Amino acid sequence: MRSNRAKMRAGVSLAATLPMLAGALALGIPAAHAADHPGRDALTGTKPAWATAKADQGATSDGARVTARVYLAGRDASGLAAYAKAVSDPNSAAYGHYLSARKAQARFGATKAQVAAVKSWLRSAGLKVTGVTRHYVTVTGDVAAVEKAFGTQLHDYAKGAKTYRAPAKTASVPESLKGAVLTVTGLDNAPHKVTHDDQLPPPDAVFKNSGPFSSYYGSNVATGLPDAYGQKIPYAVKGYTGKQLRAAYGAGSRTGKGVRVAITDAYASPTIAYDAATYAAKHGDAAYTTGQLKQVLPSKYTKTKECGAAGWYGEETLDVEAVHAVAPGAQITYVGAASCYDDDLLDSLGKIVDNHLADIVSNSWGDIEANQTPDLAAAYDQVFQFGAVEGIGFYFSSGDNGDEVDNTGVKQVDTPANSAWVTAVGGTSLAVGKDDKYLWETGWGTQKAVLSADGTSWVNFPGAFTSGAGGGTSRTVAEPYYQKGVVPDALATANSADGNRVVPDIAAVGDPNTGFKVGQTQTFPDGTEKYSEYRIGGTSLAAPVIAAVQALAQEARGGKAIGFANPAIYAKYGSKAYHDVTDDPTGSGLAVARVDFANGYDAADGLITSVRSLGKDSSLSAVKGYDDVTGVGTPANGYVESYRRR
């Protein structure tokens, strides 16, 4: 399971590619002088790729209302990127010399004079300033005022079956602002729907796994079912626990004691405290101490129906329980967004950075790269860079649809995992054997075939692709320096001879067929709400698992923050710190048997028996060395202790 904000965003022409983001580790979108903007600085990337002449439906009504965010570049945007790189690179003399949130803002944030100038300009155009934060100024006004402020007409454009507003040319700002503006969002309204205030809904309908199960990989062989790959196969595990995952990824005696981990998702489960405590007690995890699990929540929620708010409860539950299971001594702060839209998710990330709520941030949500526009990419990257300056690392799930071809028709990666300033976490199928022994991993990619009516064969074995770890080569983000010499040229140059960012960076268990057991309050058919447990996976499991492993590593480092981890992760490439994961770890095909309730919770409507083949991730492959399913690999016994300060 992985929460996807794409569900709430209008579809785009997937054939359209976005402009290359300037520089492998650039801030995002620099202002540029342009011939059609005399006396003004263009905000590159503010006209979306789908706003074409062919799709143009004419000018937007002057009286239509627009709400926008004007992001502030700060006093030294290039210096911010350079400092973030220096403190994150183990080979730099400045490595680990982080700034406090206050000092980072004082050194790189917008000045009072810059904010005043931006507000004055916006008001002079006839816009109303409705809010000011450290990162942006929010405004509202009619189309005529917006056009005056940003030097572009707004037109309506056909986009799929709908029509949306967008700038007719790249937005710009007066040169007199002297680079104070990073970008503006909200001039196009394609990603947004009408907001409404609402109470959070009750938990989603119950989901339960049927049996039989294996208690560890291979413990219960399906002797009565047909062979797969010339051999009998085991039933899927009931769900790994923290004890098994800690053993698999070399936790040793580390608990992450005192390390602060934040988790971001949308909304907030009303039963998280009870569910997390109950789960820990049932599975031998350490009891939560007073204040160990905290929540930072918005004053109100919006778009609960559009975003499917109740579906996010399970995401939060998975993330919290996975982090605590692997790093039971870590402090966990859940930061919920008001909705699943970019503005609200950015606000959650900003809260963490502005208040330095944690050193490690797990994020199990994303969208396809084709839906990400350069203006939003710039806003995200600015937050990530401020985080890096403070010693905060962001970990994003890489996606659950493999190369995205089955999902979108186009091979592409997910975002924000594609950012050069975050750690993208891929997924694996994990085999943990008797006595919690690590056996092997494959790249997570599943093909499914159901049992024939007579029970003697698998129909169209190995079946169709169902899901797999996201990965591949970005079309919009240039190759970061830390990937050079590690990522094969064939991957880096798949979309451009100059090289692009390749995803993921590292991996952990993600396959739902070898997944993690979670406990959550769910709504049963009779309307009652009760605690229940089920097995789950996705790179939304892999991300909190890696975040928890990083907490163990930070403890091993004496509590000193690891910060933006990618340079350190790639510096360890090829060492015994990693399991080098491939799709063929045993020399023969791998599969598990699953029996599922047809209705998702009991046998009243029958059972469905299937075989799930492992290591079949669309066009992506886990091979020896770096690959676009598992990155550099998964943490091995030496990984956590490799961070010890010597």
# chains A, B, ... in the order shown; residues from 1 in each chain; ligands from 1
>>> select_by_dssp(residues="stretch 267-427 of chain A", states="helix (DSSP H, G or I)", output="ChimeraX atom specification")
/A:272-282,304-307,309-326,342-354,369-371,374-390,405-408
>>> residues_around(residues="A:Gly499", least_positions_apart="6", cutoff="8 Å", atoms="only C-alpha atoms", output="ChimeraX atom specification")
/A:478-479,489,492-493
>>> write_last_selection(atoms="all heavy atoms", output="mmCIF file, in the first residue's frame")
data_model
loop_
_atom_site.group_PDB
_atom_site.id
_atom_site.type_symbol
_atom_site.label_atom_id
_atom_site.label_comp_id
_atom_site.auth_asym_id
_atom_site.auth_seq_id
_atom_site.Cartn_x
_atom_site.Cartn_y
_atom_site.Cartn_z
ATOM 1 N N ALA A 478 18.505 16.135 -13.425
ATOM 2 C CA ALA A 478 19.847 15.802 -13.902
ATOM 3 C C ALA A 478 20.544 14.838 -12.945
ATOM 4 O O ALA A 478 20.197 14.733 -11.764
ATOM 5 C CB ALA A 478 20.676 17.072 -14.066
ATOM 6 N N GLU A 479 21.547 14.144 -13.450
ATOM 7 C CA GLU A 479 22.273 13.153 -12.654
ATOM 8 C C GLU A 479 23.030 13.839 -11.512
ATOM 9 O O GLU A 479 23.862 14.720 -11.750
ATOM 10 C CB GLU A 479 23.266 12.395 -13.535
ATOM 11 C CG GLU A 479 24.018 11.306 -12.783
ATOM 12 C CD GLU A 479 24.983 10.534 -13.677
ATOM 13 O OE1 GLU A 479 25.330 11.061 -14.764
ATOM 14 O OE2 GLU A 479 25.382 9.418 -13.302
ATOM 15 N N ASP A 489 26.090 3.660 -16.783
ATOM 16 C CA ASP A 489 25.806 4.675 -17.785
ATOM 17 C C ASP A 489 24.534 4.353 -18.571
ATOM 18 O O ASP A 489 23.797 5.262 -18.968
ATOM 19 C CB ASP A 489 26.981 4.807 -18.759
ATOM 20 C CG ASP A 489 28.180 5.496 -18.121
ATOM 21 O OD1 ASP A 489 28.006 6.133 -17.059
ATOM 22 O OD2 ASP A 489 29.284 5.384 -18.683
ATOM 23 N N ALA A 492 21.796 5.789 -16.441
ATOM 24 C CA ALA A 492 21.873 7.240 -16.288
ATOM 25 C C ALA A 492 21.543 7.973 -17.582
ATOM 26 O O ALA A 492 20.930 9.049 -17.563
ATOM 27 C CB ALA A 492 23.257 7.642 -15.794
ATOM 28 N N THR A 493 21.940 7.422 -18.726
ATOM 29 C CA THR A 493 21.748 8.102 -20.011
ATOM 30 C C THR A 493 20.548 7.558 -20.785
ATOM 31 O O THR A 493 20.419 7.813 -21.980
ATOM 32 C CB THR A 493 23.012 7.982 -20.877
ATOM 33 O OG1 THR A 493 23.283 6.591 -21.133
ATOM 34 C CG2 THR A 493 24.210 8.613 -20.188
#
>>> residues_around(residues="stretch 420-425 of chain A", least_positions_apart="6", cutoff="6 Å", atoms="only C-alpha atoms", output="PDB file with N, CA, C and O atoms, in the first residue's frame")
ATOM      1  N   PHE A 394      15.423  13.139   4.229  1.00  0.00           N
ATOM      2  CA  PHE A 394      14.081  12.765   3.805  1.00  0.00           C
ATOM      3  C   PHE A 394      14.134  11.456   3.020  1.00  0.00           C
ATOM      4  O   PHE A 394      14.942  11.313   2.097  1.00  0.00           O
ATOM      5  N   TYR A 395      13.237  10.533   3.353  1.00  0.00           N
ATOM      6  CA  TYR A 395      13.193   9.208   2.735  1.00  0.00           C
ATOM      7  C   TYR A 395      11.819   9.029   2.099  1.00  0.00           C
ATOM      8  O   TYR A 395      10.801   9.105   2.785  1.00  0.00           O
ATOM      9  N   PHE A 396      11.796   8.798   0.778  1.00  0.00           N
ATOM     10  CA  PHE A 396      10.541   8.680   0.045  1.00  0.00           C
ATOM     11  C   PHE A 396      10.409   7.313  -0.616  1.00  0.00           C
ATOM     12  O   PHE A 396      11.354   6.799  -1.220  1.00  0.00           O
ATOM     13  N   SER A 397       9.211   6.746  -0.520  1.00  0.00           N
ATOM     14  CA  SER A 397       8.920   5.497  -1.219  1.00  0.00           C
ATOM     15  C   SER A 397       8.997   5.730  -2.724  1.00  0.00           C
ATOM     16  O   SER A 397       8.596   6.774  -3.228  1.00  0.00           O
ATOM     17  N   SER A 398       9.514   4.730  -3.452  1.00  0.00           N
ATOM     18  CA  SER A 398       9.776   4.903  -4.885  1.00  0.00           C
ATOM     19  C   SER A 398       8.578   4.587  -5.765  1.00  0.00           C
ATOM     20  O   SER A 398       8.613   4.836  -6.969  1.00  0.00           O
ATOM     21  N   PRO A 504      15.763   3.647  -7.483  1.00  0.00           N
ATOM     22  CA  PRO A 504      15.923   4.222  -6.153  1.00  0.00           C
ATOM     23  C   PRO A 504      17.386   4.317  -5.741  1.00  0.00           C
ATOM     24  O   PRO A 504      18.283   4.024  -6.536  1.00  0.00           O
ATOM     25  N   ASP A 505      17.597   4.673  -4.459  1.00  0.00           N
ATOM     26  CA  ASP A 505      18.946   4.738  -3.904  1.00  0.00           C
ATOM     27  C   ASP A 505      19.274   3.523  -3.050  1.00  0.00           C
ATOM     28  O   ASP A 505      20.410   3.045  -3.038  1.00  0.00           O
ATOM     29  N   ILE A 506      18.314   3.026  -2.313  1.00  0.00           N
ATOM     30  CA  ILE A 506      18.477   1.908  -1.386  1.00  0.00           C
ATOM     31  C   ILE A 506      17.126   1.219  -1.300  1.00  0.00           C
ATOM     32  O   ILE A 506      16.134   1.719  -1.843  1.00  0.00           O
ATOM     33  N   ALA A 507      17.040   0.073  -0.661  1.00  0.00           N
ATOM     34  CA  ALA A 507      15.776  -0.659  -0.631  1.00  0.00           C
ATOM     35  C   ALA A 507      15.617  -1.432   0.668  1.00  0.00           C
ATOM     36  O   ALA A 507      16.566  -1.612   1.442  1.00  0.00           O
ATOM     37  N   ALA A 543       9.985   2.407   3.029  1.00  0.00           N
ATOM     38  CA  ALA A 543      10.456   3.729   3.454  1.00  0.00           C
ATOM     39  C   ALA A 543      10.569   3.843   4.974  1.00  0.00           C
ATOM     40  O   ALA A 543      11.619   4.254   5.481  1.00  0.00           O
TER      41      ALA A 543
END
>>> closest_residue(among="A:Gly606, A:Gly587, A:Gly633, A:Gly74", to="A:Val118", atoms="only C-alpha atoms")
A:Gly74
>>> closest_residue(among="A:Phe516, A:Trp365, A:Phe150, A:Tyr626", to="A:Val326", atoms="only C-alpha atoms")
A:Phe516
>>> residues_around(residues="A:Ala469", least_positions_apart="5", cutoff="7 Å", atoms="only C-alpha atoms", output="list in words")
Ser398, Gly399, Asp400, Asn401, Gly402, Gly426, Gly427, Trp444, Gly445, Thr539, Asp617 and Val629 of chain A
>>> select_by_dssp(residues="stretch 436-592 of chain A", states="strand (DSSP E)", output="JSON, numbers by chain")
{"A": [438, 439, 440, 441, 442, 443, 445, 446, 447, 448, 449, 450, 464, 465, 466, 467, 468, 472, 473, 474, 475, 476, 477, 478, 500, 501, 502, 503, 506, 507, 508, 509, 516, 517, 518, 519, 520, 521, 522, 523, 529, 530, 531, 532, 533, 534, 535, 536, 578, 579, 591, 592]}
